[in-house]
Amino acid sequence: MDFLPVDLLEEIARQVGTPCYVYDQERIARNYARLANALTPTAAVGRICYSVKANSNLSVLRLMRNLGAGFDVVSGGELRRALLAGAPPDSIVFAGVGKRDDELVAALDAGVGWINVESAQELRVLSDLAAARGVVQRVALRINPGIDPHTHRHLATGKRTSKFGVETEEALWLVAHRADYPGIRIEGIHIHIGSMVSDAGPYAEAMRVALAVVAQCRTLGATITTLNLGGGFGVAYQPDQAEAPIQAIASNALPSARQAGLRLLFEPGRAIVADAGALLTRVLYTKTNGGVRYVVVDAAMNDLIRPALYGAAHRVSCVKGQASTDAIGSADDDLAQYTVVGPVCESGDVLAAGVTLPKPQRGDLLVIHHAGAYGMSMASNYNTRPRAAEVLVADGKWHVIRRRESTEDLVAREVECLA
Ligand code: LLP
């Protein structure tokens with residue numbers, strides 16, 4: 001199994017309890033280095049701004065800062081996290097389709113490097129807020145490029161009808177009228193086509209669209225220095241899935257950016273943290289209903305919503321004592337297909353459907369792989385389930401980086417209100 005040693009996982013599960021997220025620091029660093037070396041080999045070429053939404057634990061953010069990454073944040077909360085982790089404000093890009101005034105003010109006050117603007121109204125609000133503070137904020141206009149990235153419909157963000165960005169005509173109108181917006185300076189174009197994109201074609205298309213827009217902006221006299229190509233690089237959750245071809249993306253984007261005199265920003269999240277994390281959960285019960293073999297575990301859709309929300313298929317392996325058997329390719333005679341479900345009162349609370357496992361027994365540990373991205377960051381308290389603990393393994397030692405919530409944490413604000 002291509003993750004941390006199973007005896008270490010068992011030790012963590014015993015001492016910290018389950019459900020529990022475990023992250024491998026070394027893997028995160030390796031993933032980051034691979035992307036940075038290919039896409040932004042020097043600071044002059046550009047920068048990786050880690051997408052905080054994928055995994056926003058402060059220790060993970062601190063690690064990213066230490067590795068030299070900037071940050072892509074999409075809320076006042078993520079901005080606060082990046083600052084708490086020690087991010088230099090000018091390394092932060094604040095994006096998002098619906099920023100509140102107080103969030104824009106927080107970003108202006110912090111002095112973030114970029115604000116990515118997604119509508120004409122937002123540009124007006126931001127310009128007024130900045131001018132009132134006597135500052136001029138550097139912005140990128142997010143373009144809706146009208147590109148289908150061939151991914152899950154919930155993960156496509158750059159199609160013509162999607163809510164993100166502005167149409168190119170509108171972006172050009174804003175550039176032409178930039179003198180009416182004294183609180184901002186339009187210096188960048190931003191495009192994010194979607195997430196889990198696994199071929200280079202849509203990035204090349206995005207690049208073509210962006211370069212055409214940049215050329216038109218320059219014709220209008222604007223000084224465009226930077227192109228933010230977003231994130232979205234696909235990872236292989238299953239052995240037969242394709243990863244995004246980073247080299248091919250780089251070998252298209254870098255020469256064209258250099259030729260156009262543009263610095264590049266990229267905002268990957270998943271490709272840095274997904275395979276560096278797993279969700280540990282214990283088997284509570286097993287049973288068969290209507291021929292379906294169920295394994296009921298102590299993690300649920302509130303801990304990992306991806307299977308319920310996107311039909312995402314995560315690899316599962318079973319740790320029995322010291323031996324681990326991967327769901328795929330095991331020679332164990334006892335192998336059968338199981339459906340792994342959580343305790344939440346919804347039929348959709350399926351963590352993995354039809355996975356092949358050695359007969360699971362009460363107390364066995366299941367490892368749900370590739371859970372480092374959009375796992376804990378999308379967790380909820382549905383069914384009044386306290387959120388899981390998080391552990392980081394670094395240099396062979398493990399550290400709790402988020403304590404498990406207690407039920408008291410969840411009710412405290414309501415108890416305060418009881419008469
Ligand atoms: N930049 C922007 C503007 C984004 O909207 C996103 C992701 C990213 C960067 C980072 O994308 P990544 O490199 O991680 O694919 N919850 C879903 C993924 C939603 C992605 C939303 N935006 C999932 O669990 O698959």
# chains A, B, ... in the order shown; residues from 1 in each chain; ligands from 1
$ select_by_dssp --residues "region 23-225 of chain A" --states "strand (DSSP E)" --output "PyMOL selection string"
chain A and resi 23-24+46-51+70-73+92-94+114-117+137-142+184-190
$ residues_around --residues "region 374-387 of chain A" --least-positions-apart "6" --cutoff "10 Å" --atoms "only C-alpha atoms" --output "ChimeraX atom specification"
/A:19-21,52-57,269-270,273-274,277-279,299-306,343-345,402-411
$ write_last_selection --atoms "C-alpha atoms" --output "PDB file, in the first residue's frame"
ATOM      1  CA  PRO A  19     -12.310   8.723  12.729  1.00  0.00           C
ATOM      2  CA  CYS A  20      -9.013  10.493  12.192  1.00  0.00           C
ATOM      3  CA  TYR A  21      -7.307  12.171   9.251  1.00  0.00           C
ATOM      4  CA  VAL A  52      -6.363  26.675   0.906  1.00  0.00           C
ATOM      5  CA  LYS A  53      -9.823  25.197   0.405  1.00  0.00           C
ATOM      6  CA  ALA A  54      -8.357  21.754  -0.325  1.00  0.00           C
ATOM      7  CA  ASN A  55      -6.904  21.364   3.157  1.00  0.00           C
ATOM      8  CA  SER A  56      -6.921  24.392   5.403  1.00  0.00           C
ATOM      9  CA  ASN A  57      -5.326  23.018   8.564  1.00  0.00           C
ATOM     10  CA  GLY A 269      -4.901  22.282  -4.095  1.00  0.00           C
ATOM     11  CA  ARG A 270      -5.764  18.647  -4.695  1.00  0.00           C
ATOM     12  CA  VAL A 273      -2.492  17.196  -0.644  1.00  0.00           C
ATOM     13  CA  ALA A 274      -4.921  14.520  -1.921  1.00  0.00           C
ATOM     14  CA  GLY A 277      -3.806  12.103   3.400  1.00  0.00           C
ATOM     15  CA  ALA A 278      -6.011   9.232   4.513  1.00  0.00           C
ATOM     16  CA  LEU A 279      -9.056   8.870   6.706  1.00  0.00           C
ATOM     17  CA  ALA A 299     -16.606   7.628   9.860  1.00  0.00           C
ATOM     18  CA  ALA A 300     -19.458   8.992   7.792  1.00  0.00           C
ATOM     19  CA  MET A 301     -20.474  11.373   5.038  1.00  0.00           C
ATOM     20  CA  ASN A 302     -20.044  14.276   7.458  1.00  0.00           C
ATOM     21  CA  ASP A 303     -16.327  13.388   7.641  1.00  0.00           C
ATOM     22  CA  LEU A 304     -15.830  12.703   3.923  1.00  0.00           C
ATOM     23  CA  ILE A 305     -18.608  13.970   1.649  1.00  0.00           C
ATOM     24  CA  ARG A 306     -16.882  13.352  -1.694  1.00  0.00           C
ATOM     25  CA  PRO A 343     -23.718   5.840  10.861  1.00  0.00           C
ATOM     26  CA  VAL A 344     -25.486   8.888   9.373  1.00  0.00           C
ATOM     27  CA  CYS A 345     -29.211   8.506   8.799  1.00  0.00           C
ATOM     28  CA  ARG A 402      -6.317  19.425  15.257  1.00  0.00           C
ATOM     29  CA  ARG A 403      -7.896  17.987  18.349  1.00  0.00           C
ATOM     30  CA  ARG A 404     -11.106  16.007  17.923  1.00  0.00           C
ATOM     31  CA  GLU A 405     -14.186  18.126  18.552  1.00  0.00           C
ATOM     32  CA  SER A 406     -16.330  17.281  21.538  1.00  0.00           C
ATOM     33  CA  THR A 407     -20.106  17.296  21.700  1.00  0.00           C
ATOM     34  CA  GLU A 408     -19.763  20.140  24.190  1.00  0.00           C
ATOM     35  CA  ASP A 409     -17.965  22.195  21.510  1.00  0.00           C
ATOM     36  CA  LEU A 410     -20.950  21.678  19.246  1.00  0.00           C
ATOM     37  CA  VAL A 411     -23.655  22.714  21.695  1.00  0.00           C
TER      38      VAL A 411
END
$ closest_atom_pairs --of "chain A" --to "ligand 1" --cutoff "6 Å" --atoms "only C-alpha atoms and all ligand atoms" --output "tab-separated table"
residue	atom	partner	partner_atom_place_in_ligand_line	distance
A:Ser51	CA	ligand 1	10 (C)	5.1
A:Ala54	CA	ligand 1	14 (O)	5.5
A:Leu155	CA	ligand 1	19 (C)	5.7
A:His192	CA	ligand 1	3 (C)	5.3
A:Ser195	CA	ligand 1	15 (O)	3.8
A:Met196	CA	ligand 1	15 (O)	5.4
A:Gly230	CA	ligand 1	1 (N)	4.6
A:Gly231	CA	ligand 1	13 (O)	3.9
A:Gly232	CA	ligand 1	15 (O)	3.2
A:Phe233	CA	ligand 1	13 (O)	5.2
A:Glu267	CA	ligand 1	9 (C)	4.6
A:Pro268	CA	ligand 1	13 (O)	3.5
A:Gly269	CA	ligand 1	14 (O)	3.5
A:Arg270	CA	ligand 1	14 (O)	3.7
A:Ala271	CA	ligand 1	13 (O)	6.0
A:Arg306	CA	ligand 1	24 (O)	5.3
A:Tyr374	CA	ligand 1	24 (O)	4.6
$ write_last_selection --atoms "N, CA, C and O atoms" --output "compact mmCIF listing (two decimals), in the first residue's frame"
# COMPACT_ATOMS: atom_id res chain seq x y z
N SER A 51 -4.04 26.27 -2.94
CA SER A 51 -5.47 26.53 -2.78
C SER A 51 -5.92 26.04 -1.40
O SER A 51 -6.08 24.83 -1.17
N ALA A 54 -8.56 23.21 -0.23
CA ALA A 54 -8.36 21.75 -0.33
C ALA A 54 -8.06 21.15 1.04
O ALA A 54 -8.57 20.08 1.38
N LEU A 155 -17.64 20.13 -10.86
CA LEU A 155 -16.25 20.59 -10.77
C LEU A 155 -15.82 21.42 -11.98
O LEU A 155 -14.69 21.85 -12.08
N HIS A 192 -9.81 29.91 -14.17
CA HIS A 192 -9.76 28.58 -13.53
C HIS A 192 -10.85 27.76 -14.21
O HIS A 192 -12.03 28.10 -14.10
N SER A 195 -11.91 21.54 -11.75
CA SER A 195 -11.09 20.71 -10.87
C SER A 195 -11.11 19.28 -11.39
O SER A 195 -12.06 18.88 -12.07
N MET A 196 -10.08 18.51 -11.04
CA MET A 196 -9.94 17.13 -11.54
C MET A 196 -9.85 17.12 -13.07
O MET A 196 -10.52 16.35 -13.75
N GLY A 230 -5.07 29.34 -12.53
CA GLY A 230 -5.91 28.54 -11.63
C GLY A 230 -5.25 27.24 -11.25
O GLY A 230 -4.04 27.04 -11.39
N GLY A 231 -6.09 26.33 -10.74
CA GLY A 231 -5.58 25.01 -10.32
C GLY A 231 -6.30 23.94 -11.10
O GLY A 231 -6.51 24.09 -12.30
N GLY A 232 -6.68 22.88 -10.40
CA GLY A 232 -7.53 21.88 -11.03
C GLY A 232 -6.85 20.64 -11.53
O GLY A 232 -7.49 19.78 -12.16
N PHE A 233 -5.54 20.49 -11.26
CA PHE A 233 -4.83 19.32 -11.79
C PHE A 233 -5.37 18.01 -11.19
O PHE A 233 -5.39 17.83 -9.97
N GLU A 267 -2.84 27.74 -8.99
CA GLU A 267 -3.51 27.58 -7.69
C GLU A 267 -3.90 26.12 -7.43
O GLU A 267 -5.07 25.83 -7.21
N PRO A 268 -2.96 25.20 -7.43
CA PRO A 268 -3.34 23.81 -7.18
C PRO A 268 -3.65 23.56 -5.70
O PRO A 268 -3.03 24.15 -4.82
N GLY A 269 -4.61 22.72 -5.46
CA GLY A 269 -4.90 22.28 -4.10
C GLY A 269 -4.77 20.78 -4.03
O GLY A 269 -3.83 20.21 -3.46
N ARG A 270 -5.68 20.11 -4.73
CA ARG A 270 -5.76 18.65 -4.70
C ARG A 270 -4.43 17.97 -5.02
O ARG A 270 -4.03 17.02 -4.33
N ALA A 271 -3.75 18.45 -6.07
CA ALA A 271 -2.54 17.75 -6.52
C ALA A 271 -1.42 17.83 -5.48
O ALA A 271 -0.45 17.08 -5.55
N ARG A 306 -17.15 13.49 -0.26
CA ARG A 306 -16.88 13.35 -1.69
C ARG A 306 -17.63 12.19 -2.35
O ARG A 306 -18.19 12.36 -3.44
N TYR A 374 -10.05 18.12 0.24
CA TYR A 374 -11.51 18.20 0.31
C TYR A 374 -12.10 17.10 1.19
O TYR A 374 -13.18 16.59 0.93
$ select_by_dssp --residues "region 71-242 of chain A" --states "helix (DSSP H, G or I)" --output "PyMOL selection string"
chain A and resi 76-84+89-91+101-110+120-132+153-155+168-176+178-180+201-219
$ residues_around --residues "Asp199 (chain A)" --least-positions-apart "6" --cutoff "12 Å" --atoms "only C-alpha atoms" --output "number ranges by chain"
A: 148-151, 205, 232-235, 241-249
$ write_last_selection --atoms "C-alpha atoms" --output "mmCIF file, in the first residue's frame"
data_model
loop_
_atom_site.group_PDB
_atom_site.id
_atom_site.type_symbol
_atom_site.label_atom_id
_atom_site.label_comp_id
_atom_site.auth_asym_id
_atom_site.auth_seq_id
_atom_site.Cartn_x
_atom_site.Cartn_y
_atom_site.Cartn_z
ATOM 1 C CA ASP A 148 -15.452 22.435 -21.022
ATOM 2 C CA PRO A 149 -12.716 20.773 -18.944
ATOM 3 C CA HIS A 150 -14.280 17.264 -19.227
ATOM 4 C CA THR A 151 -14.745 16.710 -15.513
ATOM 5 C CA GLU A 205 -7.251 26.300 -24.673
ATOM 6 C CA GLY A 232 -7.531 21.878 -11.029
ATOM 7 C CA PHE A 233 -4.826 19.321 -11.794
ATOM 8 C CA GLY A 234 -6.398 15.870 -11.634
ATOM 9 C CA VAL A 235 -5.010 13.101 -9.424
ATOM 10 C CA GLN A 241 -7.271 7.008 -13.539
ATOM 11 C CA ALA A 242 -5.049 9.541 -15.292
ATOM 12 C CA GLU A 243 -3.139 12.261 -13.474
ATOM 13 C CA ALA A 244 -2.869 15.708 -15.018
ATOM 14 C CA PRO A 245 0.163 15.761 -17.354
ATOM 15 C CA ILE A 246 2.021 18.528 -15.543
ATOM 16 C CA GLN A 247 5.026 18.490 -17.899
ATOM 17 C CA ALA A 248 2.810 18.847 -20.962
ATOM 18 C CA ILE A 249 0.874 21.695 -19.324
#
$ atom_distance --atom1 "CA of Arg30 (chain A)" --atom2 "CA of Asp275 (chain A)"
11.0 Å
$ residues_around --residues "region 173-189 of chain A" --least-positions-apart "5" --cutoff "8 Å" --atoms "only C-alpha atoms" --output "PDB file with N, CA, C and O atoms, in the first residue's frame"
ATOM      1  N   ALA A 120     -18.634  43.121 -12.537  1.00  0.00           N
ATOM      2  CA  ALA A 120     -18.483  44.574 -12.658  1.00  0.00           C
ATOM      3  C   ALA A 120     -18.878  45.238 -11.339  1.00  0.00           C
ATOM      4  O   ALA A 120     -18.228  46.188 -10.881  1.00  0.00           O
ATOM      5  N   LEU A 123     -16.117  45.042  -8.838  1.00  0.00           N
ATOM      6  CA  LEU A 123     -15.018  45.975  -9.122  1.00  0.00           C
ATOM      7  C   LEU A 123     -15.364  47.367  -8.578  1.00  0.00           C
ATOM      8  O   LEU A 123     -14.509  48.052  -8.002  1.00  0.00           O
ATOM      9  N   ARG A 124     -16.622  47.761  -8.744  1.00  0.00           N
ATOM     10  CA  ARG A 124     -17.052  49.069  -8.238  1.00  0.00           C
ATOM     11  C   ARG A 124     -16.945  49.113  -6.706  1.00  0.00           C
ATOM     12  O   ARG A 124     -16.371  50.047  -6.130  1.00  0.00           O
ATOM     13  N   LEU A 126     -15.174  47.254  -4.688  1.00  0.00           N
ATOM     14  CA  LEU A 126     -13.773  47.174  -4.249  1.00  0.00           C
ATOM     15  C   LEU A 126     -13.062  48.502  -4.469  1.00  0.00           C
ATOM     16  O   LEU A 126     -12.342  48.993  -3.583  1.00  0.00           O
ATOM     17  N   SER A 127     -13.278  49.096  -5.633  1.00  0.00           N
ATOM     18  CA  SER A 127     -12.609  50.361  -5.926  1.00  0.00           C
ATOM     19  C   SER A 127     -13.022  51.429  -4.912  1.00  0.00           C
ATOM     20  O   SER A 127     -12.182  52.176  -4.389  1.00  0.00           O
ATOM     21  N   ASP A 128     -14.324  51.475  -4.606  1.00  0.00           N
ATOM     22  CA  ASP A 128     -14.801  52.479  -3.643  1.00  0.00           C
ATOM     23  C   ASP A 128     -14.203  52.234  -2.254  1.00  0.00           C
ATOM     24  O   ASP A 128     -13.776  53.166  -1.581  1.00  0.00           O
ATOM     25  N   LEU A 129     -14.187  50.976  -1.838  1.00  0.00           N
ATOM     26  CA  LEU A 129     -13.648  50.656  -0.506  1.00  0.00           C
ATOM     27  C   LEU A 129     -12.162  51.016  -0.431  1.00  0.00           C
ATOM     28  O   LEU A 129     -11.685  51.560   0.564  1.00  0.00           O
ATOM     29  N   ALA A 130     -11.428  50.685  -1.508  1.00  0.00           N
ATOM     30  CA  ALA A 130      -9.988  50.953  -1.517  1.00  0.00           C
ATOM     31  C   ALA A 130      -9.750  52.465  -1.535  1.00  0.00           C
ATOM     32  O   ALA A 130      -8.930  52.985  -0.754  1.00  0.00           O
ATOM     33  N   ALA A 131     -10.473  53.171  -2.398  1.00  0.00           N
ATOM     34  CA  ALA A 131     -10.274  54.625  -2.516  1.00  0.00           C
ATOM     35  C   ALA A 131     -10.567  55.308  -1.172  1.00  0.00           C
ATOM     36  O   ALA A 131      -9.850  56.223  -0.760  1.00  0.00           O
ATOM     37  N   GLY A 134      -7.674  55.169   0.810  1.00  0.00           N
ATOM     38  CA  GLY A 134      -6.486  55.792   0.233  1.00  0.00           C
ATOM     39  C   GLY A 134      -5.485  54.790  -0.312  1.00  0.00           C
ATOM     40  O   GLY A 134      -4.288  55.068  -0.363  1.00  0.00           O
ATOM     41  N   VAL A 135      -5.969  53.607  -0.694  1.00  0.00           N
ATOM     42  CA  VAL A 135      -5.047  52.631  -1.287  1.00  0.00           C
ATOM     43  C   VAL A 135      -5.499  52.277  -2.700  1.00  0.00           C
ATOM     44  O   VAL A 135      -6.650  52.512  -3.078  1.00  0.00           O
ATOM     45  N   VAL A 136      -4.556  51.747  -3.470  1.00  0.00           N
ATOM     46  CA  VAL A 136      -4.883  51.258  -4.807  1.00  0.00           C
ATOM     47  C   VAL A 136      -4.579  49.770  -4.807  1.00  0.00           C
ATOM     48  O   VAL A 136      -3.436  49.357  -4.608  1.00  0.00           O
ATOM     49  N   GLN A 137      -5.594  48.938  -4.988  1.00  0.00           N
ATOM     50  CA  GLN A 137      -5.420  47.483  -4.904  1.00  0.00           C
ATOM     51  C   GLN A 137      -5.144  46.899  -6.283  1.00  0.00           C
ATOM     52  O   GLN A 137      -5.835  47.215  -7.258  1.00  0.00           O
ATOM     53  N   ARG A 138      -4.156  46.006  -6.325  1.00  0.00           N
ATOM     54  CA  ARG A 138      -3.864  45.293  -7.575  1.00  0.00           C
ATOM     55  C   ARG A 138      -4.917  44.203  -7.768  1.00  0.00           C
ATOM     56  O   ARG A 138      -5.178  43.427  -6.834  1.00  0.00           O
ATOM     57  N   VAL A 139      -5.508  44.151  -8.953  1.00  0.00           N
ATOM     58  CA  VAL A 139      -6.531  43.120  -9.181  1.00  0.00           C
ATOM     59  C   VAL A 139      -6.260  42.351 -10.478  1.00  0.00           C
ATOM     60  O   VAL A 139      -5.588  42.842 -11.393  1.00  0.00           O
ATOM     61  N   ALA A 140      -6.818  41.135 -10.494  1.00  0.00           N
ATOM     62  CA  ALA A 140      -6.911  40.356 -11.734  1.00  0.00           C
ATOM     63  C   ALA A 140      -8.391  40.200 -12.033  1.00  0.00           C
ATOM     64  O   ALA A 140      -9.195  40.038 -11.106  1.00  0.00           O
ATOM     65  N   LEU A 141      -8.753  40.281 -13.298  1.00  0.00           N
ATOM     66  CA  LEU A 141     -10.139  40.020 -13.672  1.00  0.00           C
ATOM     67  C   LEU A 141     -10.273  38.544 -13.988  1.00  0.00           C
ATOM     68  O   LEU A 141      -9.474  37.992 -14.761  1.00  0.00           O
ATOM     69  N   ARG A 142     -11.255  37.902 -13.356  1.00  0.00           N
ATOM     70  CA  ARG A 142     -11.462  36.483 -13.674  1.00  0.00           C
ATOM     71  C   ARG A 142     -12.367  36.374 -14.890  1.00  0.00           C
ATOM     72  O   ARG A 142     -13.506  36.849 -14.896  1.00  0.00           O
ATOM     73  N   ILE A 143     -11.821  35.740 -15.894  1.00  0.00           N
ATOM     74  CA  ILE A 143     -12.527  35.578 -17.160  1.00  0.00           C
ATOM     75  C   ILE A 143     -13.256  34.234 -17.147  1.00  0.00           C
ATOM     76  O   ILE A 143     -12.707  33.225 -16.721  1.00  0.00           O
ATOM     77  N   ALA A 210      -6.744  33.312 -22.765  1.00  0.00           N
ATOM     78  CA  ALA A 210      -6.158  34.329 -21.886  1.00  0.00           C
ATOM     79  C   ALA A 210      -5.217  35.243 -22.657  1.00  0.00           C
ATOM     80  O   ALA A 210      -5.248  36.461 -22.481  1.00  0.00           O
ATOM     81  N   VAL A 214      -5.355  39.215 -22.952  1.00  0.00           N
ATOM     82  CA  VAL A 214      -4.227  40.057 -22.520  1.00  0.00           C
ATOM     83  C   VAL A 214      -3.837  41.003 -23.657  1.00  0.00           C
ATOM     84  O   VAL A 214      -3.636  42.205 -23.447  1.00  0.00           O
ATOM     85  N   CYS A 217      -6.319  43.740 -23.856  1.00  0.00           N
ATOM     86  CA  CYS A 217      -6.156  44.671 -22.717  1.00  0.00           C
ATOM     87  C   CYS A 217      -4.995  45.619 -22.991  1.00  0.00           C
ATOM     88  O   CYS A 217      -5.068  46.818 -22.709  1.00  0.00           O
ATOM     89  N   LEU A 220      -5.680  48.314 -25.218  1.00  0.00           N
ATOM     90  CA  LEU A 220      -6.428  49.383 -24.542  1.00  0.00           C
ATOM     91  C   LEU A 220      -5.532  50.175 -23.593  1.00  0.00           C
ATOM     92  O   LEU A 220      -6.010  51.015 -22.826  1.00  0.00           O
ATOM     93  N   ALA A 222      -3.662  48.966 -21.052  1.00  0.00           N
ATOM     94  CA  ALA A 222      -3.479  48.440 -19.682  1.00  0.00           C
ATOM     95  C   ALA A 222      -2.141  47.701 -19.565  1.00  0.00           C
ATOM     96  O   ALA A 222      -1.664  47.117 -20.535  1.00  0.00           O
ATOM     97  N   THR A 223      -1.546  47.748 -18.376  1.00  0.00           N
ATOM     98  CA  THR A 223      -0.284  47.050 -18.131  1.00  0.00           C
ATOM     99  C   THR A 223      -0.584  45.715 -17.453  1.00  0.00           C
ATOM    100  O   THR A 223      -0.761  45.637 -16.238  1.00  0.00           O
ATOM    101  N   ILE A 224      -0.701  44.684 -18.256  1.00  0.00           N
ATOM    102  CA  ILE A 224      -1.007  43.356 -17.688  1.00  0.00           C
ATOM    103  C   ILE A 224       0.312  42.619 -17.495  1.00  0.00           C
ATOM    104  O   ILE A 224       1.039  42.367 -18.460  1.00  0.00           O
ATOM    105  N   THR A 225       0.599  42.262 -16.245  1.00  0.00           N
ATOM    106  CA  THR A 225       1.880  41.625 -15.931  1.00  0.00           C
ATOM    107  C   THR A 225       1.750  40.131 -15.691  1.00  0.00           C
ATOM    108  O   THR A 225       2.737  39.400 -15.781  1.00  0.00           O
ATOM    109  N   THR A 226       0.527  39.689 -15.327  1.00  0.00           N
ATOM    110  CA  THR A 226       0.403  38.367 -14.721  1.00  0.00           C
ATOM    111  C   THR A 226      -0.806  37.615 -15.241  1.00  0.00           C
ATOM    112  O   THR A 226      -1.875  38.201 -15.424  1.00  0.00           O
ATOM    113  N   LEU A 227      -0.595  36.338 -15.444  1.00  0.00           N
ATOM    114  CA  LEU A 227      -1.694  35.451 -15.823  1.00  0.00           C
ATOM    115  C   LEU A 227      -1.829  34.375 -14.753  1.00  0.00           C
ATOM    116  O   LEU A 227      -0.874  33.662 -14.469  1.00  0.00           O
ATOM    117  N   ASN A 228      -3.016  34.305 -14.140  1.00  0.00           N
ATOM    118  CA  ASN A 228      -3.285  33.276 -13.138  1.00  0.00           C
ATOM    119  C   ASN A 228      -4.090  32.178 -13.825  1.00  0.00           C
ATOM    120  O   ASN A 228      -5.235  32.399 -14.222  1.00  0.00           O
TER     121      ASN A 228
END
$ residues_around --residues "Ile147 (chain A)" --least-positions-apart "6" --cutoff "12 Å" --atoms "only C-alpha atoms" --output "PyMOL selection string"
chain A and resi 156-162+191-194+197+201-210
$ write_last_selection --atoms "N, CA and C atoms" --output "short mmCIF file (atom, residue, chain, number, x, y, z; two decimals), in the first residue's frame"
data_model
loop_
_atom_site.label_atom_id
_atom_site.label_comp_id
_atom_site.auth_asym_id
_atom_site.auth_seq_id
_atom_site.Cartn_x
_atom_site.Cartn_y
_atom_site.Cartn_z
N ALA A 156 -16.76 21.65 -12.91
CA ALA A 156 -16.45 22.48 -14.09
C ALA A 156 -16.82 23.92 -13.75
N THR A 157 -15.85 24.83 -13.86
CA THR A 157 -16.12 26.20 -13.41
C THR A 157 -15.98 27.23 -14.52
N GLY A 158 -15.47 26.82 -15.68
CA GLY A 158 -15.20 27.81 -16.73
C GLY A 158 -16.11 27.68 -17.93
N LYS A 159 -17.26 26.98 -17.76
CA LYS A 159 -18.18 26.89 -18.91
C LYS A 159 -18.91 28.21 -19.06
N ARG A 160 -19.41 28.45 -20.25
CA ARG A 160 -20.01 29.76 -20.55
C ARG A 160 -21.11 30.13 -19.57
N THR A 161 -21.88 29.13 -19.11
CA THR A 161 -23.04 29.44 -18.26
C THR A 161 -22.72 29.37 -16.77
N SER A 162 -21.47 29.11 -16.40
CA SER A 162 -21.20 28.94 -14.97
C SER A 162 -21.18 30.29 -14.26
N ILE A 191 -7.94 32.74 -14.85
CA ILE A 191 -8.82 31.72 -15.43
C ILE A 191 -8.68 30.46 -14.60
N HIS A 192 -9.81 29.91 -14.17
CA HIS A 192 -9.76 28.58 -13.53
C HIS A 192 -10.85 27.76 -14.21
N ILE A 193 -10.47 26.71 -14.91
CA ILE A 193 -11.45 26.02 -15.76
C ILE A 193 -12.22 24.94 -15.02
N GLY A 194 -11.68 24.46 -13.89
CA GLY A 194 -12.37 23.42 -13.16
C GLY A 194 -11.39 22.59 -12.37
N VAL A 197 -9.03 18.02 -13.59
CA VAL A 197 -8.81 18.08 -15.03
C VAL A 197 -7.61 17.19 -15.34
N GLY A 201 -5.18 19.54 -22.83
CA GLY A 201 -5.93 20.29 -23.83
C GLY A 201 -6.66 21.50 -23.27
N PRO A 202 -7.49 21.32 -22.23
CA PRO A 202 -8.24 22.47 -21.71
C PRO A 202 -7.33 23.58 -21.17
N TYR A 203 -6.14 23.23 -20.66
CA TYR A 203 -5.22 24.27 -20.19
C TYR A 203 -4.65 25.05 -21.38
N ALA A 204 -4.35 24.33 -22.46
CA ALA A 204 -3.83 25.00 -23.66
C ALA A 204 -4.89 25.95 -24.22
N GLU A 205 -6.16 25.47 -24.18
CA GLU A 205 -7.25 26.30 -24.67
C GLU A 205 -7.40 27.54 -23.79
N ALA A 206 -7.32 27.34 -22.47
CA ALA A 206 -7.42 28.47 -21.53
C ALA A 206 -6.31 29.47 -21.80
N MET A 207 -5.13 28.94 -22.08
CA MET A 207 -3.98 29.79 -22.36
C MET A 207 -4.24 30.64 -23.61
N ARG A 208 -4.78 30.00 -24.64
CA ARG A 208 -5.08 30.73 -25.88
C ARG A 208 -6.08 31.86 -25.61
N VAL A 209 -7.16 31.53 -24.88
CA VAL A 209 -8.17 32.54 -24.57
C VAL A 209 -7.54 33.68 -23.78
N ALA A 210 -6.74 33.31 -22.77
CA ALA A 210 -6.16 34.33 -21.89
C ALA A 210 -5.22 35.24 -22.66
#
$ atom_distance --atom1 "CA of Tyr338 (chain A)" --atom2 "CA of Leu357 (chain A)"
6.8 Å
$ closest_residue --among "A:Pro88, A:Pro358, A:Gly342, A:Gly113" --to "Val297 (chain A)" --atoms "only C-alpha atoms"
A:Gly342
$ residues_around --residues "Gly363 (chain A)" --least-positions-apart "2" --cutoff "12 Å" --atoms "only C-alpha atoms" --output "ChimeraX atom specification"
/A:10,13-14,17-18,280-286,295-298,318-321,360-361,365-366
$ closest_residue --among "A:Glu416, A:Val6, A:Ala200, A:Arg263" --to "Ser251 (chain A)" --atoms "only C-alpha atoms"
A:Ala200
